[in-house]
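Data block for coords-v4.cif (mmCIF, C-alpha atoms and all ligand atoms):
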```
data_start
loop_
_atom_site.label_atom_id
_atom_site.label_comp_id
_atom_site.auth_asym_id
_atom_site.auth_seq_id
_atom_site.Cartn_x
_atom_site.Cartn_y
_atom_site.Cartn_z
CA MET A 1 0.00 0.00 0.00
CA ARG A 2 1.53 3.30 -1.03
CA SER A 3 0.42 6.73 0.02
CA ARG A 4 -1.53 8.63 -2.56
CA ALA A 5 -0.41 11.91 -1.09
CA THR A 6 1.71 14.06 -3.33
CA ASP A 7 4.72 15.89 -2.03
CA GLN A 8 3.20 19.24 -1.35
CA GLY A 9 6.20 20.69 0.39
CA THR A 10 5.83 23.58 2.78
CA VAL A 11 2.51 25.02 1.80
CA ARG A 12 1.91 28.05 3.94
CA GLN A 13 3.61 30.60 6.08
CA ALA A 14 3.16 30.43 9.83
CA GLY A 15 -0.26 31.71 10.82
CA VAL A 16 -0.78 35.03 12.46
CA VAL A 17 -0.99 34.43 16.17
CA GLU A 18 -3.39 36.15 18.48
CA SER A 19 -2.03 37.79 21.55
CA GLY A 20 -3.71 39.41 24.49
CA THR A 21 -7.07 37.90 23.71
CA GLY A 22 -7.71 36.48 27.12
CA GLU A 23 -6.18 33.04 26.80
CA ALA A 24 -7.94 30.31 28.72
CA GLY A 25 -5.40 28.56 30.90
CA GLU A 26 -4.91 24.86 31.55
CA GLY A 27 -8.10 23.26 32.67
CA ALA A 28 -10.12 26.36 31.95
CA VAL A 29 -13.82 25.81 31.75
CA GLY A 30 -14.76 26.81 28.24
CA VAL A 31 -17.59 26.54 25.80
CA ASP A 32 -17.15 25.34 22.26
CA ILE A 33 -18.49 27.99 19.94
CA GLY A 34 -19.87 25.66 17.32
CA THR A 35 -22.40 26.10 14.61
CA ASP A 36 -24.68 23.47 16.03
CA GLU A 37 -24.64 22.75 19.75
CA LYS A 38 -26.34 19.38 19.23
CA THR A 39 -23.34 17.95 17.46
CA ALA A 40 -21.24 18.29 20.61
CA ALA A 41 -23.38 15.72 22.41
CA ALA A 42 -21.49 12.48 22.98
CA GLU A 43 -24.22 10.31 21.53
CA PRO A 44 -23.11 7.11 19.89
CA GLY A 45 -23.39 7.40 16.13
CA THR A 46 -24.96 5.16 13.60
CA GLY A 47 -21.95 3.95 11.67
CA LYS A 48 -23.55 5.34 8.54
CA ASP A 49 -20.33 7.00 7.37
CA ALA A 50 -18.72 3.59 6.95
CA ALA A 51 -21.19 2.67 4.28
CA VAL A 52 -20.29 5.58 2.05
CA ALA A 53 -17.61 5.00 -0.52
CA GLY A 54 -17.34 8.44 -2.13
CA GLY A 55 -14.96 11.31 -1.47
CA PRO A 56 -11.64 11.49 0.34
CA ALA A 57 -11.37 9.83 3.74
CA LEU A 58 -11.46 13.29 5.28
CA ALA A 59 -11.87 16.84 3.98
CA LEU A 60 -11.74 20.09 5.92
CA ALA A 61 -12.66 23.36 4.21
CA GLY A 62 -12.15 26.66 6.01
CA VAL A 63 -12.37 25.00 9.42
CA SER A 64 -11.73 27.11 12.49
CA HIS A 65 -12.71 26.80 16.12
CA SER A 66 -13.08 29.19 19.04
CA TYR A 67 -13.74 28.61 22.70
CA ARG A 68 -15.49 31.01 25.01
CA GLY A 69 -13.69 30.83 28.34
CA ARG A 70 -13.67 32.81 31.59
CA GLY A 71 -11.11 35.19 30.12
CA GLY A 72 -12.87 35.74 26.81
CA THR A 73 -12.89 34.09 23.41
CA VAL A 74 -9.92 31.98 22.31
CA THR A 75 -9.51 31.13 18.65
CA ALA A 76 -7.78 27.78 18.95
CA LEU A 77 -7.61 26.59 15.37
CA GLY A 78 -7.70 27.58 11.77
CA PRO A 79 -8.61 28.25 9.20
CA VAL A 80 -7.60 24.78 8.03
CA ASP A 81 -8.09 23.35 4.54
CA LEU A 82 -7.06 19.74 4.23
CA GLU A 83 -7.81 16.60 2.24
CA ILE A 84 -6.73 13.18 3.43
CA ALA A 85 -6.87 10.20 1.07
CA ARG A 86 -7.79 6.68 2.11
CA GLY A 87 -4.96 4.68 3.58
CA GLU A 88 -2.83 7.67 4.55
CA PHE A 89 -1.18 7.71 7.96
CA VAL A 90 -1.15 11.40 8.77
CA THR A 91 0.87 12.61 11.74
CA VAL A 92 0.35 16.09 13.18
CA VAL A 93 2.84 18.02 15.29
CA GLY A 94 2.88 21.62 16.46
CA PRO A 95 3.64 23.83 19.44
CA SER A 96 1.82 23.03 22.66
CA GLY A 97 -1.63 24.62 22.72
CA CYS A 98 -1.77 25.22 18.94
CA GLY A 99 -5.06 23.36 18.52
CA LYS A 100 -4.04 19.79 17.62
CA SER A 101 -6.53 18.14 19.98
CA THR A 102 -9.17 20.63 18.92
CA LEU A 103 -8.64 19.59 15.31
CA LEU A 104 -9.07 15.93 16.18
CA ARG A 105 -12.13 16.55 18.36
CA LEU A 106 -13.81 18.39 15.50
CA VAL A 107 -13.04 15.55 13.08
CA ALA A 108 -14.41 13.06 15.62
CA GLY A 109 -17.60 15.10 15.86
CA PHE A 110 -17.21 15.76 19.60
CA ALA A 111 -17.69 19.45 18.80
CA ALA A 112 -18.80 21.39 15.76
CA PRO A 113 -16.42 23.84 14.05
CA SER A 114 -17.12 27.55 14.49
CA THR A 115 -16.60 28.02 10.75
CA GLY A 116 -16.10 25.73 7.80
CA ARG A 117 -17.10 22.24 6.86
CA ILE A 118 -15.78 18.76 7.61
CA THR A 119 -16.69 15.71 5.55
CA ALA A 120 -15.64 12.10 6.02
CA SER A 121 -15.97 9.85 2.98
CA GLY A 122 -18.05 12.58 1.36
CA ARG A 123 -20.56 12.95 4.23
CA PRO A 124 -20.73 15.90 6.61
CA VAL A 125 -19.45 15.11 10.08
CA ALA A 126 -22.39 15.70 12.42
CA GLY A 127 -21.53 14.10 15.75
CA PRO A 128 -19.53 11.07 16.88
CA ASP A 129 -19.73 7.95 14.74
CA PRO A 130 -18.16 4.49 15.06
CA ALA A 131 -16.85 5.02 11.53
CA ARG A 132 -14.33 7.33 13.20
CA GLY A 133 -12.54 5.49 16.01
CA TYR A 134 -10.84 7.61 18.69
CA VAL A 135 -7.91 6.73 20.93
CA PHE A 136 -7.18 9.13 23.79
CA GLN A 137 -3.89 9.79 25.57
CA GLN A 138 -5.27 7.98 28.62
CA HIS A 139 -6.87 4.71 27.60
CA ARG A 140 -10.32 5.44 29.11
CA LEU A 141 -11.23 1.75 29.26
CA PHE A 142 -14.23 0.86 31.40
CA PRO A 143 -12.75 -0.58 34.63
CA TRP A 144 -15.83 -2.72 35.35
CA LEU A 145 -15.58 -4.57 32.04
CA SER A 146 -13.03 -7.19 31.01
CA VAL A 147 -10.63 -6.41 28.18
CA ALA A 148 -12.84 -8.44 25.83
CA GLY A 149 -15.91 -6.62 27.15
CA ASN A 150 -14.28 -3.28 26.46
CA ILE A 151 -13.34 -4.26 22.93
CA GLY A 152 -16.83 -5.57 22.25
CA PHE A 153 -18.52 -2.52 23.78
CA GLY A 154 -18.99 -0.73 20.46
CA LEU A 155 -20.44 -3.85 18.89
CA ARG A 156 -23.68 -3.89 20.85
CA GLY A 157 -26.42 -4.80 18.40
CA THR A 158 -24.12 -7.11 16.47
CA PRO A 159 -25.19 -10.79 16.68
CA LYS A 160 -23.45 -12.50 19.60
CA ALA A 161 -21.44 -15.05 17.58
CA GLU A 162 -20.24 -12.36 15.20
CA ARG A 163 -19.29 -10.10 18.09
CA ARG A 164 -17.33 -12.89 19.77
CA ALA A 165 -15.45 -13.66 16.58
CA ARG A 166 -14.61 -9.99 16.03
CA VAL A 167 -13.37 -9.55 19.61
CA ALA A 168 -11.23 -12.70 19.31
CA GLU A 169 -9.79 -11.41 16.05
CA LEU A 170 -8.90 -8.06 17.62
CA LEU A 171 -7.41 -9.63 20.75
CA GLU A 172 -5.18 -11.63 18.44
CA LEU A 173 -4.35 -8.66 16.22
CA THR A 174 -3.26 -6.56 19.18
CA GLY A 175 -1.41 -9.38 20.96
CA LEU A 176 -3.89 -9.54 23.84
CA GLY A 177 -5.08 -13.08 23.19
CA ASP A 178 -4.18 -14.23 26.71
CA VAL A 179 -5.76 -11.40 28.66
CA GLY A 180 -9.28 -11.11 27.24
CA ARG A 181 -10.79 -11.95 30.64
CA ALA A 182 -8.55 -9.61 32.64
CA ARG A 183 -9.71 -6.22 33.91
CA PRO A 184 -7.95 -3.17 32.46
CA TYR A 185 -6.21 -2.36 35.77
CA GLU A 186 -4.48 -5.74 35.66
CA LEU A 187 -2.67 -4.79 32.44
CA SER A 188 0.52 -2.82 31.83
CA GLY A 189 0.23 0.68 30.32
CA GLY A 190 1.20 -0.59 26.87
CA MET A 191 -1.38 -3.38 27.02
CA GLN A 192 -4.07 -0.98 28.17
CA GLN A 193 -3.34 1.27 25.22
CA ARG A 194 -3.42 -1.74 22.87
CA ALA A 195 -6.84 -2.64 24.28
CA ALA A 196 -8.00 0.94 23.69
CA ILE A 197 -6.79 0.70 20.09
CA ALA A 198 -8.58 -2.65 19.67
CA ARG A 199 -11.78 -1.11 21.06
CA ALA A 200 -11.55 1.75 18.57
CA LEU A 201 -10.91 -0.70 15.71
CA ALA A 202 -13.79 -3.01 16.64
CA PRO A 203 -16.54 -1.38 14.56
CA GLY A 204 -14.17 -1.33 11.54
CA PRO A 205 -13.72 2.44 11.40
CA ALA A 206 -12.81 4.04 8.10
CA LEU A 207 -10.79 6.57 10.08
CA LEU A 208 -8.74 6.08 13.24
CA LEU A 209 -8.08 9.24 15.25
CA MET A 210 -5.28 9.03 17.81
CA ASP A 211 -4.54 11.87 20.22
CA GLU A 212 -1.04 11.37 21.67
CA PRO A 213 -1.85 7.74 22.39
CA PHE A 214 1.65 6.87 23.61
CA ALA A 215 2.47 10.01 25.58
CA ALA A 216 2.00 8.34 28.95
CA LEU A 217 4.18 5.32 28.13
CA ASP A 218 7.84 4.79 29.00
CA ALA A 219 10.32 5.18 26.13
CA PHE A 220 10.82 1.45 25.56
CA THR A 221 7.09 0.60 25.52
CA ARG A 222 6.45 3.62 23.33
CA GLU A 223 8.87 2.40 20.66
CA ARG A 224 7.29 -1.03 20.72
CA MET A 225 3.82 0.48 20.41
CA GLN A 226 4.95 2.62 17.47
CA GLU A 227 6.11 -0.53 15.72
CA GLU A 228 2.84 -2.27 16.54
CA VAL A 229 0.62 0.54 15.34
CA ARG A 230 2.64 0.70 12.12
CA GLU A 231 2.01 -3.01 11.59
CA LEU A 232 -1.67 -2.66 12.44
CA TRP A 233 -2.05 0.13 9.93
CA ARG A 234 -0.24 -1.89 7.27
CA ARG A 235 -2.54 -4.84 7.85
CA ALA A 236 -5.85 -3.09 8.46
CA GLY A 237 -5.37 -0.36 5.84
CA THR A 238 -7.35 2.13 7.97
CA THR A 239 -6.76 5.84 7.41
CA VAL A 240 -5.07 7.27 10.51
CA VAL A 241 -4.72 10.80 11.89
CA PHE A 242 -2.21 10.74 14.73
CA ILE A 243 -1.39 13.70 17.00
CA THR A 244 1.97 13.70 18.73
CA HIS A 245 4.40 15.98 20.52
CA SER A 246 7.28 13.88 19.26
CA VAL A 247 8.83 14.90 15.94
CA ASP A 248 10.67 11.57 15.89
CA GLU A 249 7.38 9.67 16.25
CA ALA A 250 5.71 11.80 13.56
CA VAL A 251 8.47 11.05 11.07
CA TYR A 252 8.59 7.38 11.99
CA LEU A 253 4.86 6.81 11.51
CA GLY A 254 3.61 9.35 9.00
CA THR A 255 3.14 8.70 5.29
CA ARG A 256 2.22 12.35 5.47
CA VAL A 257 3.56 14.71 8.10
CA LEU A 258 1.79 17.93 9.02
CA ALA A 259 2.88 20.75 11.30
CA LEU A 260 0.57 23.40 12.71
CA SER A 261 1.56 26.96 13.53
CA GLY A 262 1.16 28.41 16.99
CA ARG A 263 -2.41 29.15 18.04
CA PRO A 264 -4.63 29.46 16.14
CA GLY A 265 -3.17 26.39 14.46
CA GLN A 266 -2.88 26.50 10.70
CA VAL A 267 -1.11 24.01 8.46
CA ILE A 268 2.41 25.33 7.83
CA PHE A 269 4.09 22.10 6.74
CA ASP A 270 2.62 19.24 4.71
CA ARG A 271 4.96 16.55 3.42
CA ALA A 272 4.41 13.07 1.98
CA SER A 273 6.91 10.44 3.16
CA ASP A 274 7.62 6.86 2.20
CA LEU A 275 9.70 6.22 5.34
CA PRO A 276 6.96 4.13 7.07
CA TYR A 277 7.28 1.60 4.24
CA GLU A 278 10.98 1.12 4.95
CA GLU A 279 12.15 -1.71 7.17
CA GLN A 280 14.46 0.40 9.37
CA PRO A 281 13.33 3.99 8.78
CA ARG A 282 15.38 5.43 11.63
CA GLY A 283 18.58 4.25 9.98
CA ARG A 284 17.92 6.23 6.78
CA PRO A 285 19.56 9.60 6.11
CA ARG A 286 16.13 10.79 4.87
CA PHE A 287 14.73 10.12 8.35
CA ALA A 288 17.30 12.34 10.02
CA ALA A 289 16.83 15.03 7.37
CA LEU A 290 13.04 15.15 7.73
CA ARG A 291 13.24 15.07 11.52
CA GLU A 292 15.67 17.98 11.49
CA GLU A 293 13.56 19.99 9.07
CA LEU A 294 10.38 19.38 11.05
CA THR A 295 12.05 20.21 14.37
CA ALA A 296 13.11 23.55 12.91
CA VAL A 297 9.55 24.24 11.67
CA VAL A 298 7.99 23.49 15.08
CA ARG A 299 10.64 25.54 16.95
CA GLN A 300 10.09 28.45 14.60
CA ALA A 301 6.30 28.19 15.02
CA ALA A 302 6.64 28.11 18.80
CA SER A 303 8.97 31.10 18.91
CA ALA A 304 6.62 33.04 16.63
CA GLY A 305 4.12 32.87 19.51
CA GLY A 306 0.96 31.06 20.45
CA GLY A 307 2.63 27.95 21.82
CA THR A 308 5.79 26.26 23.07
CA ALA A 309 7.99 23.73 21.28
CA ALA A 310 7.22 20.15 22.22
N1 LIG A 401 -12.66 23.71 26.55
C1 LIG A 401 -11.83 24.73 26.35
N2 LIG A 401 -12.15 25.97 26.78
C2 LIG A 401 -11.35 27.02 26.58
N3 LIG A 401 -10.17 26.95 25.92
C3 LIG A 401 -9.80 25.75 25.47
C4 LIG A 401 -10.60 24.58 25.66
N4 LIG A 401 -9.97 23.54 25.08
C5 LIG A 401 -8.82 24.02 24.56
N5 LIG A 401 -8.73 25.35 24.80
C6 LIG A 401 -7.64 26.23 24.37
O1 LIG A 401 -7.50 26.09 22.96
C7 LIG A 401 -6.13 26.07 22.62
C8 LIG A 401 -5.83 24.81 21.85
O2 LIG A 401 -6.00 23.68 22.70
P1 LIG A 401 -5.69 22.21 22.22
O3 LIG A 401 -5.85 21.32 23.38
O4 LIG A 401 -6.46 21.91 21.01
O5 LIG A 401 -4.13 22.35 21.82
P2 LIG A 401 -3.03 21.22 21.63
O6 LIG A 401 -2.20 21.66 20.50
O7 LIG A 401 -3.68 19.89 21.52
O8 LIG A 401 -2.24 21.34 23.00
P3 LIG A 401 -1.19 20.33 23.66
O9 LIG A 401 -0.16 20.10 22.62
O10 LIG A 401 -0.66 21.09 24.82
O11 LIG A 401 -1.94 19.09 24.02
C9 LIG A 401 -5.35 26.21 23.93
O12 LIG A 401 -4.99 27.54 24.09
C10 LIG A 401 -6.33 25.78 24.98
O13 LIG A 401 -6.08 26.43 26.21
#
```

What is this structure when it is put down as structure tokens?
Amino acid sequence: MRSRATDQGTVRQAGVVESGTGEAGEGAVGVDIGTDEKTAAAEPGTGKDAAVAGGPALALAGVSHSYRGRGGTVTALGPVDLEIARGEFVTVVGPSGCGKSTLLRLVAGFAAPSTGRITASGRPVAGPDPARGYVFQQHRLFPWLSVAGNIGFGLRGTPKAERRARVAELLELTGLGDVGRARPYELSGGMQQRAAIARALAPGPALLLMDEPFAALDAFTRERMQEEVRELWRRAGTTVVFITHSVDEAVYLGTRVLALSGRPGQVIFDRASDLPYEEQPRGRPRFAALREELTAVVRQAASAGGGTAA
């Protein structure tokens, strides 16, 4: 499977960054200023997107997002215009606070954009949908369910035998075959995150959204998980959007690597890469070159304001 992305090079200059607009601090209570409050409700979706074949896996046109916090309105993201083809593994880096998670939350349908339009496989995103699986930084598994129960959670309504077979397949795929009956708290951090990935993959999502999924793992486990997620993607062929603070991780995993400017995040770097198809990407001079270039872009974006280098 080869990426269909073209080498678009550096496509835009760093975005203009707001200052003195009453930034909401860490943990600030804020309100998404969306176009449709209903779409922010965390209702389970219908899976209808999965049935649609047309259009790119994901398209964003003029998407921006603002939050209304205690200190005023914060424009967190945009405008962003982006098209992602099926099968791409898109990694996104950028200064801290530049709107990476906001971008992913909008794509997931957890909130509606303040401006612009998002479509997945040609259909407008209007709320969460199992066709878009989401993996959080913290695994968020249900502690009262077994690992198998967690993985099968999104398959309610599927005939029992089919559900069992799918869960068994995913346990195998993620190397959790022996711990299906265990509770999440009995697993290591890496295994918990694998279970979370299996849960997101269960409904067969067309799009897998991963928000710093390995940030809480130790360096050794993180490298192993990177290798595993690369293999999973190769085998499952799912389109992936993966947020990370690590430039190294972004270059290792991405068939397309994006960088956002400081807040409000805009795409300032967009590069196709064939490194994830290589056997030992980290040993390639191209790996070091791209990592260096991307590091410089993120540092520059952070020093321009609106965020700090990861
Ligand atoms: N619910 C909210 N209410 C108010 N402001 C918010 C809210 N969520 C995020 N923000 C602000 O929007 C901006 C972007 O946040 P976001 O979490 O998307 O950035 P990020 O790039 O993912 O950050 P990090 O890299 O630190 O995880 C930040 O300034 C943040 O403080």

Pick from A:Glu231, A:Asp211, A:Glu292, A:Glu169, whichever lies nearest to ligand LIG 401 (chain A) using only C-alpha atoms and all ligand atoms:
A:Asp211

What gap, in Å, lies between CA of Met210 in chain A and CA of Ala161 in chain A?
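Result for CA of Met210 in chain A versus CA of Ala161 in chain A: 29.0 Å, one decimal.
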
Grab the CA of Leu253 in chain A to CA of Pro281 in chain A distance for me, in Å with one decimal place.
9.3 Å

Which residues are near Val93 in chain A? Cut-off 6 Å, all atoms listed in the file, ignore same chain within fewer than 4 positions. Put them as an mmCIF file with C-alpha atoms, keeping the file's coordinate frame.
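See around24.cif below for the written result:
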```cif
data_model
loop_
_atom_site.group_PDB
_atom_site.id
_atom_site.type_symbol
_atom_site.label_atom_id
_atom_site.label_comp_id
_atom_site.auth_asym_id
_atom_site.auth_seq_id
_atom_site.Cartn_x
_atom_site.Cartn_y
_atom_site.Cartn_z
ATOM 1 C CA THR A 244 1.970 13.700 18.730
ATOM 2 C CA HIS A 245 4.400 15.980 20.520
ATOM 3 C CA ALA A 259 2.880 20.750 11.300
#
```

Near Gln226 in chain A, within 12 Å and counting all atoms listed in the file, which residues show up once chain neighbours fewer than 2 positions away are dropped, as a PyMOL selection string?
chain A and resi 190+193-194+212-215+217+219-224+228-233+242+244+246+248-254+276

Those residues you just picked out, can you put them in a file as a compact mmCIF listing (two decimals), in the frame of the given file with C-alpha atoms?
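Okay, part09.txt is ready:
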```txt
# COMPACT_ATOMS: atom_id res chain seq x y z
CA GLY A 190 1.20 -0.59 26.87
CA GLN A 193 -3.34 1.27 25.22
CA ARG A 194 -3.42 -1.74 22.87
CA GLU A 212 -1.04 11.37 21.67
CA PRO A 213 -1.85 7.74 22.39
CA PHE A 214 1.65 6.87 23.61
CA ALA A 215 2.47 10.01 25.58
CA LEU A 217 4.18 5.32 28.13
CA ALA A 219 10.32 5.18 26.13
CA PHE A 220 10.82 1.45 25.56
CA THR A 221 7.09 0.60 25.52
CA ARG A 222 6.45 3.62 23.33
CA GLU A 223 8.87 2.40 20.66
CA ARG A 224 7.29 -1.03 20.72
CA GLU A 228 2.84 -2.27 16.54
CA VAL A 229 0.62 0.54 15.34
CA ARG A 230 2.64 0.70 12.12
CA GLU A 231 2.01 -3.01 11.59
CA LEU A 232 -1.67 -2.66 12.44
CA TRP A 233 -2.05 0.13 9.93
CA PHE A 242 -2.21 10.74 14.73
CA THR A 244 1.97 13.70 18.73
CA SER A 246 7.28 13.88 19.26
CA ASP A 248 10.67 11.57 15.89
CA GLU A 249 7.38 9.67 16.25
CA ALA A 250 5.71 11.80 13.56
CA VAL A 251 8.47 11.05 11.07
CA TYR A 252 8.59 7.38 11.99
CA LEU A 253 4.86 6.81 11.51
CA GLY A 254 3.61 9.35 9.00
CA PRO A 276 6.96 4.13 7.07
```

Show me, as a list in words, the residues that have an atom within 8 Å of range 100-109 of chain A when counting all atoms listed in the file, minus same-chain residues fewer than 3 positions from it.
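Using all atoms listed in the file, the neighbours found are Thr39, Ala40, His65, Ala76, Leu77, Val92, Val93, Gly94, Gly97, Ala112, Pro113, Ile118, Val125, Ala126, Gly127, Pro128, Asp129, Arg132, Gly133, Tyr134, Leu209, Asp211, Val241, Ile243, Leu260 and Gly265 of chain A.
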
Neighbour list for Gly122 in chain A as a count of residues only, cut-off 7 Å, all atoms listed in the file, skip fewer than 2 positions in-chain
6

Give me, as a compact mmCIF listing (two decimals) with C-alpha atoms, in the frame of the given file, all polymer residues having an atom no more than 6 Å from range 181-187 of chain A, counting all atoms listed in the file and skipping those fewer than 4 positions away in the same chain.
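As a result, around23.txt now contains:
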```
# COMPACT_ATOMS: atom_id res chain seq x y z
CA PRO A 143 -12.75 -0.58 34.63
CA SER A 146 -13.03 -7.19 31.01
CA VAL A 147 -10.63 -6.41 28.18
CA MET A 191 -1.38 -3.38 27.02
CA GLN A 192 -4.07 -0.98 28.17
```

Please report the interatomic distance between CA of Tyr67 in chain A and atom C8 of ligand LIG 401 (chain A) in Å with one decimal.
8.8 Å

Residue among A:Gly154, A:Gly78, A:Gly283, A:Gly87 lying closest to ligand LIG 401 (chain A), counting all atoms listed in the file:
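Ranking A:Gly154, A:Gly78, A:Gly283, A:Gly87 by distance to ligand LIG 401 (chain A), first place goes to A:Gly78.
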
Can you work out which one of A:Ala57, A:Gly99, A:Gln300, A:Gly152 has the shortest atom-to-atom distance to ligand LIG 401 (chain A), counting all atoms listed in the file?
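Result for the nearest residue to ligand LIG 401 (chain A): A:Gly99.
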
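Closest to Phe269 in chain A among A:Phe287, A:Thr239, A:Val297, A:Ser64 is A:Val297, based on all atoms listed in the file.
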
Nearest residue to ligand LIG 401 (chain A) out of A:Ser96, A:Gln138, A:Thr295, A:Thr73, using only C-alpha atoms and all ligand atoms?
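Counting only C-alpha atoms and all ligand atoms, the residue closest to ligand LIG 401 (chain A) is A:Ser96.
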
Using only C-alpha atoms and all ligand atoms, which residue out of A:Gly62, A:Gly237, A:Gly71, A:Pro130 lies closest to ligand LIG 401 (chain A)?
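Of the candidates, the smallest distance to ligand LIG 401 (chain A) is held by A:Gly71.
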
Around all the atoms of range 62-73 of chain A listed in the file, draw an axis-aligned box and extend it by 8 Å on each of the six sides; I want its centre and edge lengths in Å to one decimal, as AutoDock Vina command-line options.
```
--center_x -13.3 --center_y 30.4 --center_z 18.8 --size_x 20.4 --size_y 26.7 --size_z 41.6
```
